[in-house]
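Engineer: Contents of protein-v2.txt (compact mmCIF, C-alpha atoms):
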```
# COMPACT_ATOMS: atom_id res chain seq x y z
CA GLN A 1 -3.57 11.75 56.99
CA VAL A 2 -4.38 10.03 60.26
CA GLN A 3 -5.43 12.43 63.01
CA LEU A 4 -6.26 11.50 66.59
CA VAL A 5 -7.26 14.30 68.94
CA GLU A 6 -7.65 13.63 72.66
CA SER A 7 -9.48 15.72 75.23
CA GLY A 8 -10.77 15.51 78.78
CA GLY A 9 -7.61 15.34 80.86
CA GLY A 10 -7.03 17.37 83.99
CA LEU A 11 -6.22 17.40 87.68
CA VAL A 12 -8.25 15.10 89.93
CA GLN A 13 -7.95 13.92 93.51
CA PRO A 14 -7.30 10.27 94.35
CA GLY A 15 -10.55 8.35 94.16
CA GLY A 16 -11.97 10.74 91.58
CA SER A 17 -13.12 10.19 88.01
CA LEU A 18 -12.37 11.55 84.55
CA ARG A 19 -13.66 10.80 81.08
CA LEU A 20 -11.27 11.04 78.16
CA SER A 21 -12.39 11.35 74.55
CA CYS A 22 -10.65 10.95 71.21
CA THR A 23 -11.87 11.95 67.77
CA ALA A 24 -10.32 10.19 64.79
CA SER A 25 -10.06 11.13 61.12
CA GLY A 26 -8.07 10.23 58.02
CA PHE A 27 -8.79 6.49 58.01
CA THR A 28 -11.75 4.09 58.05
CA PHE A 29 -12.31 4.19 61.78
CA ARG A 30 -14.87 1.39 62.02
CA LEU A 31 -12.38 -1.17 60.63
CA TYR A 32 -9.76 -0.73 63.35
CA TRP A 33 -9.39 -1.80 66.93
CA MET A 34 -8.62 1.34 68.93
CA TYR A 35 -6.54 1.76 72.06
CA TRP A 36 -5.56 3.99 74.90
CA VAL A 37 -1.92 4.01 75.95
CA ARG A 38 -0.20 6.17 78.55
CA GLN A 39 3.23 7.41 79.50
CA SER A 40 4.21 8.33 83.04
CA PRO A 41 7.20 10.59 83.76
CA GLY A 42 10.44 8.68 83.17
CA LYS A 43 8.69 5.57 81.85
CA GLY A 44 7.90 4.08 78.47
CA LEU A 45 4.53 3.78 76.81
CA GLU A 46 2.11 1.50 78.65
CA TRP A 47 -0.89 -0.11 76.96
CA VAL A 48 -4.05 0.62 78.95
CA ALA A 49 -7.11 -0.63 77.07
CA GLY A 50 -8.42 -1.67 73.66
CA VAL A 51 -11.84 -1.85 72.03
CA GLY A 52 -12.86 -3.97 69.05
CA THR A 53 -14.34 -2.70 65.83
CA SER A 54 -17.97 -3.05 66.94
CA GLY A 55 -17.36 -1.97 70.51
CA ILE A 56 -18.36 -5.33 71.97
CA LEU A 57 -14.89 -6.71 72.65
CA THR A 58 -12.72 -4.88 75.16
CA ARG A 59 -9.36 -5.58 76.77
CA TYR A 60 -7.69 -3.99 79.78
CA ALA A 61 -4.32 -3.91 81.44
CA ASP A 62 -4.36 -5.57 84.87
CA SER A 63 -3.52 -2.24 86.48
CA VAL A 64 -6.78 -0.63 85.35
CA ARG A 65 -9.23 -3.52 85.00
CA GLY A 66 -12.36 -2.85 87.03
CA ARG A 67 -11.67 0.88 87.23
CA PHE A 68 -11.49 2.00 83.58
CA THR A 69 -14.02 1.45 80.80
CA ILE A 70 -13.26 1.90 77.12
CA SER A 71 -16.02 2.50 74.58
CA ARG A 72 -16.47 3.74 71.04
CA ASP A 73 -19.00 5.45 68.78
CA ASN A 74 -18.42 4.52 65.15
CA ALA A 75 -20.97 7.05 63.92
CA GLY A 76 -18.92 9.84 65.48
CA ASN A 77 -15.45 8.34 64.98
CA THR A 78 -14.80 8.63 68.69
CA ILE A 79 -13.53 6.52 71.55
CA HIS A 80 -13.79 7.22 75.23
CA LEU A 81 -12.06 6.14 78.41
CA GLN A 82 -14.10 6.42 81.59
CA MET A 83 -11.69 6.37 84.51
CA THR A 84 -12.92 5.88 88.07
CA ASN A 85 -11.27 5.40 91.46
CA LEU A 86 -8.16 7.10 90.11
CA GLU A 87 -4.83 6.54 91.85
CA SER A 88 -1.61 8.53 91.89
CA ASP A 89 0.01 5.85 89.70
CA ASP A 90 -2.52 6.74 86.98
CA THR A 91 -0.80 10.10 86.51
CA ALA A 92 0.40 10.16 82.91
CA VAL A 93 -0.09 11.56 79.46
CA TYR A 94 -2.87 9.50 77.89
CA TYR A 95 -2.83 8.86 74.16
CA CYS A 96 -5.47 7.58 71.81
CA ALA A 97 -3.84 5.08 69.44
CA ARG A 98 -4.70 3.14 66.32
CA ASP A 99 -2.06 0.54 67.12
CA GLN A 100 -1.62 -1.38 70.35
CA ASP A 101 2.01 -0.30 70.66
CA GLY A 102 1.05 3.34 70.31
CA SER A 103 3.05 3.87 67.14
CA VAL A 104 0.14 5.80 65.59
CA ARG A 105 -1.21 8.05 68.31
CA GLY A 106 -2.45 11.54 69.02
CA GLN A 107 -0.79 14.39 70.86
CA GLY A 108 -2.02 13.20 74.25
CA THR A 109 -3.88 14.67 77.19
CA GLN A 110 -2.40 15.05 80.66
CA VAL A 111 -4.04 13.33 83.61
CA THR A 112 -2.73 14.25 87.05
CA VAL A 113 -4.00 12.48 90.17
CA SER A 114 -2.99 14.41 93.27
CA LEU A 115 -4.34 15.95 96.43
```
The structure in this file should be written as structure tokens.
Structural biologist:
Amino acid sequence: QVQLVESGGGLVQPGGSLRLSCTASGFTFRLYWMYWVRQSPGKGLEWVAGVGTSGILTRYADSVRGRFTISRDNAGNTIHLQMTNLESDDTAVYYCARDQDGSVRGQGTQVTVSL
């Protein structure tokens, strides 16, 4: 079955950086676009970024463009999200997803941006 396991979340001060990782299994990883989505307290799922099958094409939500970078390693079935210049509004549970709407996603990793 599909498994997506995220890691790398934590507590960081505003302006800081974090790198999230996700390891995938149970499907042919290299054939799928992969995504990061997030959910803030009291809000619905928000699409954050996507990366194409080869890693060349990337897409970002306006709220994170220029601060976040998504990448993938098909040999290791992993994707990453490098987050810089973090803001309090970035506080959320971040999910690795096989679908843009987050319908197939992992268990999530908490990112908290606070002093």
Engineer: Rounded to one decimal place, report the CA of Phe68 in chain A-CA of Gln1 in chain A distance in Å.
Structural biologist: 29.4 Å
Engineer: Which residues, written as a PDB file with C-alpha atoms, keeping the file's coordinate frame, have at least one atom at most 6 Å from range 17-30 of chain A, with all atoms listed in the file counted and residues fewer than 2 positions away on the same chain left out?
Structural biologist:
```
ATOM      1  CA  GLN A   1      -3.570  11.750  56.990  1.00  0.00           C
ATOM      2  CA  VAL A   2      -4.380  10.030  60.260  1.00  0.00           C
ATOM      3  CA  GLN A   3      -5.430  12.430  63.010  1.00  0.00           C
ATOM      4  CA  LEU A   4      -6.260  11.500  66.590  1.00  0.00           C
ATOM      5  CA  VAL A   5      -7.260  14.300  68.940  1.00  0.00           C
ATOM      6  CA  GLU A   6      -7.650  13.630  72.660  1.00  0.00           C
ATOM      7  CA  SER A   7      -9.480  15.720  75.230  1.00  0.00           C
ATOM      8  CA  GLY A   8     -10.770  15.510  78.780  1.00  0.00           C
ATOM      9  CA  TYR A  32      -9.760  -0.730  63.350  1.00  0.00           C
ATOM     10  CA  THR A  53     -14.340  -2.700  65.830  1.00  0.00           C
ATOM     11  CA  ASN A  74     -18.420   4.520  65.150  1.00  0.00           C
ATOM     12  CA  ASN A  77     -15.450   8.340  64.980  1.00  0.00           C
ATOM     13  CA  THR A  78     -14.800   8.630  68.690  1.00  0.00           C
ATOM     14  CA  ILE A  79     -13.530   6.520  71.550  1.00  0.00           C
ATOM     15  CA  HIS A  80     -13.790   7.220  75.230  1.00  0.00           C
ATOM     16  CA  LEU A  81     -12.060   6.140  78.410  1.00  0.00           C
ATOM     17  CA  GLN A  82     -14.100   6.420  81.590  1.00  0.00           C
ATOM     18  CA  MET A  83     -11.690   6.370  84.510  1.00  0.00           C
ATOM     19  CA  THR A  84     -12.920   5.880  88.070  1.00  0.00           C
TER      20      THR A  84
END
```
Engineer: What is the distance, in Å and to one decimal place, between CA of Ser103 in chain A and CA of Tyr35 in chain A?
Structural biologist: 11.0 Å
Engineer: Mind listing as a PDB file with C-alpha atoms, keeping the file's coordinate frame all residues within 12 Å of (6.0, 3.2, 75.9), counting all atoms listed in the file?
Structural biologist:
```
ATOM      1  CA  TRP A  36      -5.560   3.990  74.900  1.00  0.00           C
ATOM      2  CA  VAL A  37      -1.920   4.010  75.950  1.00  0.00           C
ATOM      3  CA  ARG A  38      -0.200   6.170  78.550  1.00  0.00           C
ATOM      4  CA  GLN A  39       3.230   7.410  79.500  1.00  0.00           C
ATOM      5  CA  SER A  40       4.210   8.330  83.040  1.00  0.00           C
ATOM      6  CA  PRO A  41       7.200  10.590  83.760  1.00  0.00           C
ATOM      7  CA  GLY A  42      10.440   8.680  83.170  1.00  0.00           C
ATOM      8  CA  LYS A  43       8.690   5.570  81.850  1.00  0.00           C
ATOM      9  CA  GLY A  44       7.900   4.080  78.470  1.00  0.00           C
ATOM     10  CA  LEU A  45       4.530   3.780  76.810  1.00  0.00           C
ATOM     11  CA  GLU A  46       2.110   1.500  78.650  1.00  0.00           C
ATOM     12  CA  TRP A  47      -0.890  -0.110  76.960  1.00  0.00           C
ATOM     13  CA  VAL A  48      -4.050   0.620  78.950  1.00  0.00           C
ATOM     14  CA  ALA A  92       0.400  10.160  82.910  1.00  0.00           C
ATOM     15  CA  VAL A  93      -0.090  11.560  79.460  1.00  0.00           C
ATOM     16  CA  TYR A  94      -2.870   9.500  77.890  1.00  0.00           C
ATOM     17  CA  TYR A  95      -2.830   8.860  74.160  1.00  0.00           C
ATOM     18  CA  ALA A  97      -3.840   5.080  69.440  1.00  0.00           C
ATOM     19  CA  GLN A 100      -1.620  -1.380  70.350  1.00  0.00           C
ATOM     20  CA  ASP A 101       2.010  -0.300  70.660  1.00  0.00           C
ATOM     21  CA  GLY A 102       1.050   3.340  70.310  1.00  0.00           C
ATOM     22  CA  SER A 103       3.050   3.870  67.140  1.00  0.00           C
ATOM     23  CA  ARG A 105      -1.210   8.050  68.310  1.00  0.00           C
TER      24      ARG A 105
END
```
Engineer: Which residue is closest to Ser63 in chain A? Choose from A:Cys96, A:Val51, A:Leu86, A:Ala75 and count all atoms listed in the file.
Structural biologist: A:Leu86
Engineer: In Å, rounded to a single decimal, give me how far CA of Ile56 in chain A is from CA of Gly108 in chain A.
Structural biologist: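 So the answer is 24.8 Å.
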Engineer: Could you give me, as a PyMOL selection string, the residues within 10 Å of Arg59 in chain A, counting only C-alpha atoms and dropping anything in the same chain fewer than 3 positions from it?
Structural biologist: chain A and resi 35+48-52+62+65+69-70
Engineer: Between A:Thr109, A:Asn85, A:Ser114, A:Val64, single out the one closest to Gly15 in chain A, counting all atoms listed in the file.
Structural biologist: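 Once distances to Gly15 in chain A are computed over all atoms listed in the file, the minimum belongs to A:Asn85.
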Engineer: Can you work out which one of A:Leu115, A:Leu57, A:Trp33, A:Gly66 has the shortest atom-to-atom distance to Arg98 in chain A, counting all atoms listed in the file?
Structural biologist: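 Once distances to Arg98 in chain A are computed over all atoms listed in the file, the minimum belongs to A:Trp33.
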